[in-house]
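Q: Take a look at this one; I'll ask things after.
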Amino acid sequence: MTKSDNLARIITGCKAGSAESFAQLVDVYASRFYGYFYRLTGDKEVSDELLSELYVKLVEKISSYKGGSFESWLFKIATNIFHDYLRGKQRRRKLLEVRKRQLESRKKKKEVKKSDSEIADKLQIQLEKLDTDMRELVMLRFYSQLKLKEIAEMRSEPIGTTLSRLHRGVKRLRELMER
Amino acid sequence: MNAENKENLKELFEKFVGAEQAERIADDIRKAEQILSEYPAPAPDDVLIADIKAQIAEALPHGQVNVFRRIAYKTAIVAAAVIVIAAISVRLFDKGPVEVTYASMIPDALWESSDISADYVELAILNAEIEQIEGEAMALELGENGGNGQADVAEIEMELIAINSDFWKG
């Protein structure tokens, strides 16, 4: 049985409501989507939440999958979840503005030493210097197994635009990492 | 990570830029991907994976119940609509004299029975049994017996149906 046949069998099982088939999809995709969310947010707890949300949406929406690239369909859902998270974050940011000033004064007084797990790796620090859209595109290219043409279709933009933005993104990332 | 989406980047970029520049861009992408491979993202915790699988398993039957509920609601709405339309149709189209017929509340078997006293006894027994079952059902609903409520209520309903059926059979 080929990989695509196997995936088709799993999807059919999911559509029939088989928990086992959904569990297989978790095993197949969880690591990749977790990496994708982590590199976009830089936060493990948020990545946990977004990954859980992805699978909740998958259960809700599996009946609307009508064929074509399953990965493209799933990454589209993941991208929408990330965008929703960003919108929520912006709202929260406004509310936190008031608290920020209070916290800054306390922060100066007390310097907290971060544990190793809290220190973001070099890549994460540099990734955060890219703008969100560029970071998203680079991560989409890396974590999805989609061709650039598929990524362009997913983003509803001409392939030339996707290629150009991807090149600018990876070039900038290289420069930042080689400093 | 993306071993499966190997595509000829140079060829792809050559559609937009010169061959030399396309080669350089493809090289930039390959090197960036190399960097990304050198810094793997953390993997999700086993606990998280188990939790997601549990959430899915829990969500699935609820989904089916929701589907059932939707169908039940739709059926109820359609039934209500049919009744309303039928009632309006009768008023609009049936203008002639209405022949009123009466149906007996008492089944023929009992009506024609010659043993009225025995029938009355059975009626009294049935009545007593129904009262007892009602009492038990109420106790179960209130959780006074501490048993498996729904299963017990279902059992009592079955009993009631059986008694009712036996009674009318005679």
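Labels for the structure tokens follow display order: chains A, B, ..., residues from 1 in each chain, ligands from 1.
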Quick one: residues within 10 Å of region 59-66 of chain A, only C-alpha atoms counted, chain neighbours fewer than 4 positions away excluded, as a VMD selection string?
A: (chain A and resid 11 to 12 14 to 17 19 22 53 to 55 70 73 to 74 77) or (chain B and resid 56 to 57 59 to 60 63)
Q: Would you kindly return, as a PyMOL selection string, each protein, DNA or RNA residue with an atom no farther than 10 Å from any atom of Pro42 (chain B), considering only C-alpha atoms and excluding same-chain residues fewer than 5 positions away?
A: chain A and resi 31+34-35+38-39+44
Q: Nearest residue to chain A out of B:Ala19, B:Val47, B:Ile52, B:Ala80, using only C-alpha atoms?
A: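 Distance minimum relative to chain A lands on B:Ile52.
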Q: Could you tell me, as a PyMOL selection string, which residues of region 12-177 of chain A DSSP assigns to helix (DSSP H, G or I) when given the backbone?
A: chain A and resi 12-15+19-41+44-64+70-109+116-118+122-127+132-143+148-154+159-177
Q: Pull C-alpha atoms from the residues just selected and write them as a tab-separated table (two decimals), in the first residue's frame.
A:
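Listed below is the output, again_19.tsv:
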```tsv
chain	number	residue	atom	x	y	z
A	12	THR	CA	-12.09	7.59	4.92
A	13	GLY	CA	-11.96	6.20	8.45
A	14	CYS	CA	-12.03	9.72	9.90
A	15	LYS	CA	-15.06	10.62	7.80
A	19	ALA	CA	-11.39	7.60	16.64
A	20	GLU	CA	-8.58	5.24	15.67
A	21	SER	CA	-8.21	6.90	12.27
A	22	PHE	CA	-8.08	10.34	13.87
A	23	ALA	CA	-5.44	9.02	16.27
A	24	GLN	CA	-3.40	7.94	13.25
A	25	LEU	CA	-3.63	11.45	11.82
A	26	VAL	CA	-2.38	12.76	15.16
A	27	ASP	CA	0.63	10.41	14.95
A	28	VAL	CA	1.37	11.39	11.36
A	29	TYR	CA	1.09	15.17	11.62
A	30	ALA	CA	1.38	16.29	15.26
A	31	SER	CA	5.17	16.80	15.29
A	32	ARG	CA	5.21	18.78	12.09
A	33	PHE	CA	2.33	21.05	13.04
A	34	TYR	CA	3.73	21.50	16.52
A	35	GLY	CA	7.05	22.61	15.01
A	36	TYR	CA	5.19	24.92	12.65
A	37	PHE	CA	3.22	26.55	15.48
A	38	TYR	CA	6.25	26.71	17.76
A	39	ARG	CA	8.42	28.47	15.17
A	40	LEU	CA	5.62	30.95	14.51
A	41	THR	CA	4.81	31.72	18.14
A	44	LYS	CA	5.30	26.00	23.94
A	45	GLU	CA	2.05	26.55	25.78
A	46	VAL	CA	0.53	28.45	22.89
A	47	SER	CA	1.75	25.74	20.49
A	48	ASP	CA	0.06	23.13	22.70
A	49	GLU	CA	-3.20	25.06	22.47
A	50	LEU	CA	-2.97	25.68	18.75
A	51	LEU	CA	-2.19	22.02	18.04
A	52	SER	CA	-5.18	20.90	20.12
A	53	GLU	CA	-7.34	23.42	18.30
A	54	LEU	CA	-6.13	22.15	14.95
A	55	TYR	CA	-7.35	18.64	15.75
A	56	VAL	CA	-10.65	19.92	17.13
A	57	LYS	CA	-11.17	21.76	13.83
A	58	LEU	CA	-10.10	18.66	11.93
A	59	VAL	CA	-12.84	16.62	13.62
A	60	GLU	CA	-15.38	19.35	12.88
A	61	LYS	CA	-14.38	19.92	9.28
A	62	ILE	CA	-13.29	16.51	7.99
A	63	SER	CA	-16.62	16.00	6.22
A	64	SER	CA	-15.96	19.16	4.18
A	70	PHE	CA	-4.90	16.88	2.22
A	71	GLU	CA	-1.78	18.57	3.56
A	72	SER	CA	-2.62	21.78	1.77
A	73	TRP	CA	-6.14	21.63	3.24
A	74	LEU	CA	-4.81	20.94	6.73
A	75	PHE	CA	-2.13	23.65	6.55
A	76	LYS	CA	-4.83	26.10	5.45
A	77	ILE	CA	-6.73	25.32	8.66
A	78	ALA	CA	-3.50	25.64	10.67
A	79	THR	CA	-2.78	29.01	9.07
A	80	ASN	CA	-6.28	30.26	9.89
A	81	ILE	CA	-5.86	29.11	13.48
A	82	PHE	CA	-2.58	31.02	13.69
A	83	HIS	CA	-4.21	34.14	12.23
A	84	ASP	CA	-7.05	33.90	14.79
A	85	TYR	CA	-4.43	33.60	17.50
A	86	LEU	CA	-2.67	36.73	16.21
A	87	ARG	CA	-5.94	38.68	16.18
A	88	GLY	CA	-6.65	37.61	19.75
A	89	LYS	CA	-3.11	38.51	20.71
A	90	GLN	CA	-3.54	42.01	19.30
A	91	ARG	CA	-6.69	42.51	21.36
A	92	ARG	CA	-4.93	41.24	24.46
A	93	ARG	CA	-1.96	43.48	23.73
A	94	LYS	CA	-4.14	46.58	23.96
A	95	LEU	CA	-5.51	45.45	27.30
A	96	LEU	CA	-2.03	44.72	28.55
A	97	GLU	CA	-0.63	48.12	27.60
A	98	VAL	CA	-1.86	49.55	30.87
A	99	ARG	CA	-0.32	46.75	32.90
A	100	LYS	CA	2.93	46.93	30.99
A	101	ARG	CA	4.11	50.14	32.57
A	102	GLN	CA	3.52	48.76	36.04
A	103	LEU	CA	5.40	45.57	35.24
A	104	GLU	CA	8.35	47.40	33.71
A	105	SER	CA	9.04	49.24	36.92
A	106	ARG	CA	9.01	45.95	38.84
A	107	LYS	CA	11.20	44.26	36.23
A	108	LYS	CA	13.94	46.79	36.73
A	109	LYS	CA	13.98	46.03	40.41
A	116	ASP	CA	17.55	26.80	30.04
A	117	SER	CA	14.14	25.75	28.83
A	118	GLU	CA	12.95	29.33	28.85
A	122	LYS	CA	19.16	31.33	18.40
A	123	LEU	CA	16.92	30.48	15.45
A	124	GLN	CA	13.80	31.46	17.36
A	125	ILE	CA	15.32	34.82	18.33
A	126	GLN	CA	16.22	35.59	14.72
A	127	LEU	CA	12.92	34.33	13.35
A	132	THR	CA	4.91	37.69	10.54
A	133	ASP	CA	3.93	37.03	6.95
A	134	MET	CA	7.50	36.30	5.89
A	135	ARG	CA	8.08	34.04	8.89
A	136	GLU	CA	4.85	32.23	8.13
A	137	LEU	CA	5.84	31.67	4.52
A	138	VAL	CA	9.32	30.35	5.42
A	139	MET	CA	7.80	28.00	8.01
A	140	LEU	CA	5.12	26.87	5.62
A	141	ARG	CA	7.77	26.02	3.07
A	142	PHE	CA	9.84	24.15	5.64
A	143	TYR	CA	7.20	22.28	7.65
A	148	LEU	CA	5.69	26.29	-3.92
A	149	LYS	CA	2.89	26.33	-6.47
A	150	GLU	CA	0.56	24.77	-3.88
A	151	ILE	CA	1.70	27.26	-1.25
A	152	ALA	CA	0.95	30.14	-3.64
A	153	GLU	CA	-2.53	28.71	-4.30
A	154	MET	CA	-3.11	28.31	-0.59
A	159	ILE	CA	3.47	32.23	-7.60
A	160	GLY	CA	5.88	35.05	-8.52
A	161	THR	CA	4.85	36.90	-5.34
A	162	THR	CA	5.34	33.78	-3.23
A	163	LEU	CA	8.78	33.11	-4.70
A	164	SER	CA	9.89	36.68	-4.26
A	165	ARG	CA	8.72	36.88	-0.63
A	166	LEU	CA	10.19	33.48	0.19
A	167	HIS	CA	13.54	34.50	-1.23
A	168	ARG	CA	13.57	37.72	0.76
A	169	GLY	CA	12.62	35.79	3.89
A	170	VAL	CA	15.26	33.07	3.63
A	171	LYS	CA	17.93	35.56	2.62
A	172	ARG	CA	17.16	37.76	5.63
A	173	LEU	CA	17.13	34.71	7.91
A	174	ARG	CA	20.52	33.59	6.60
A	175	GLU	CA	21.98	37.03	7.18
A	176	LEU	CA	20.62	37.13	10.73
A	177	MET	CA	21.88	33.64	11.54
```
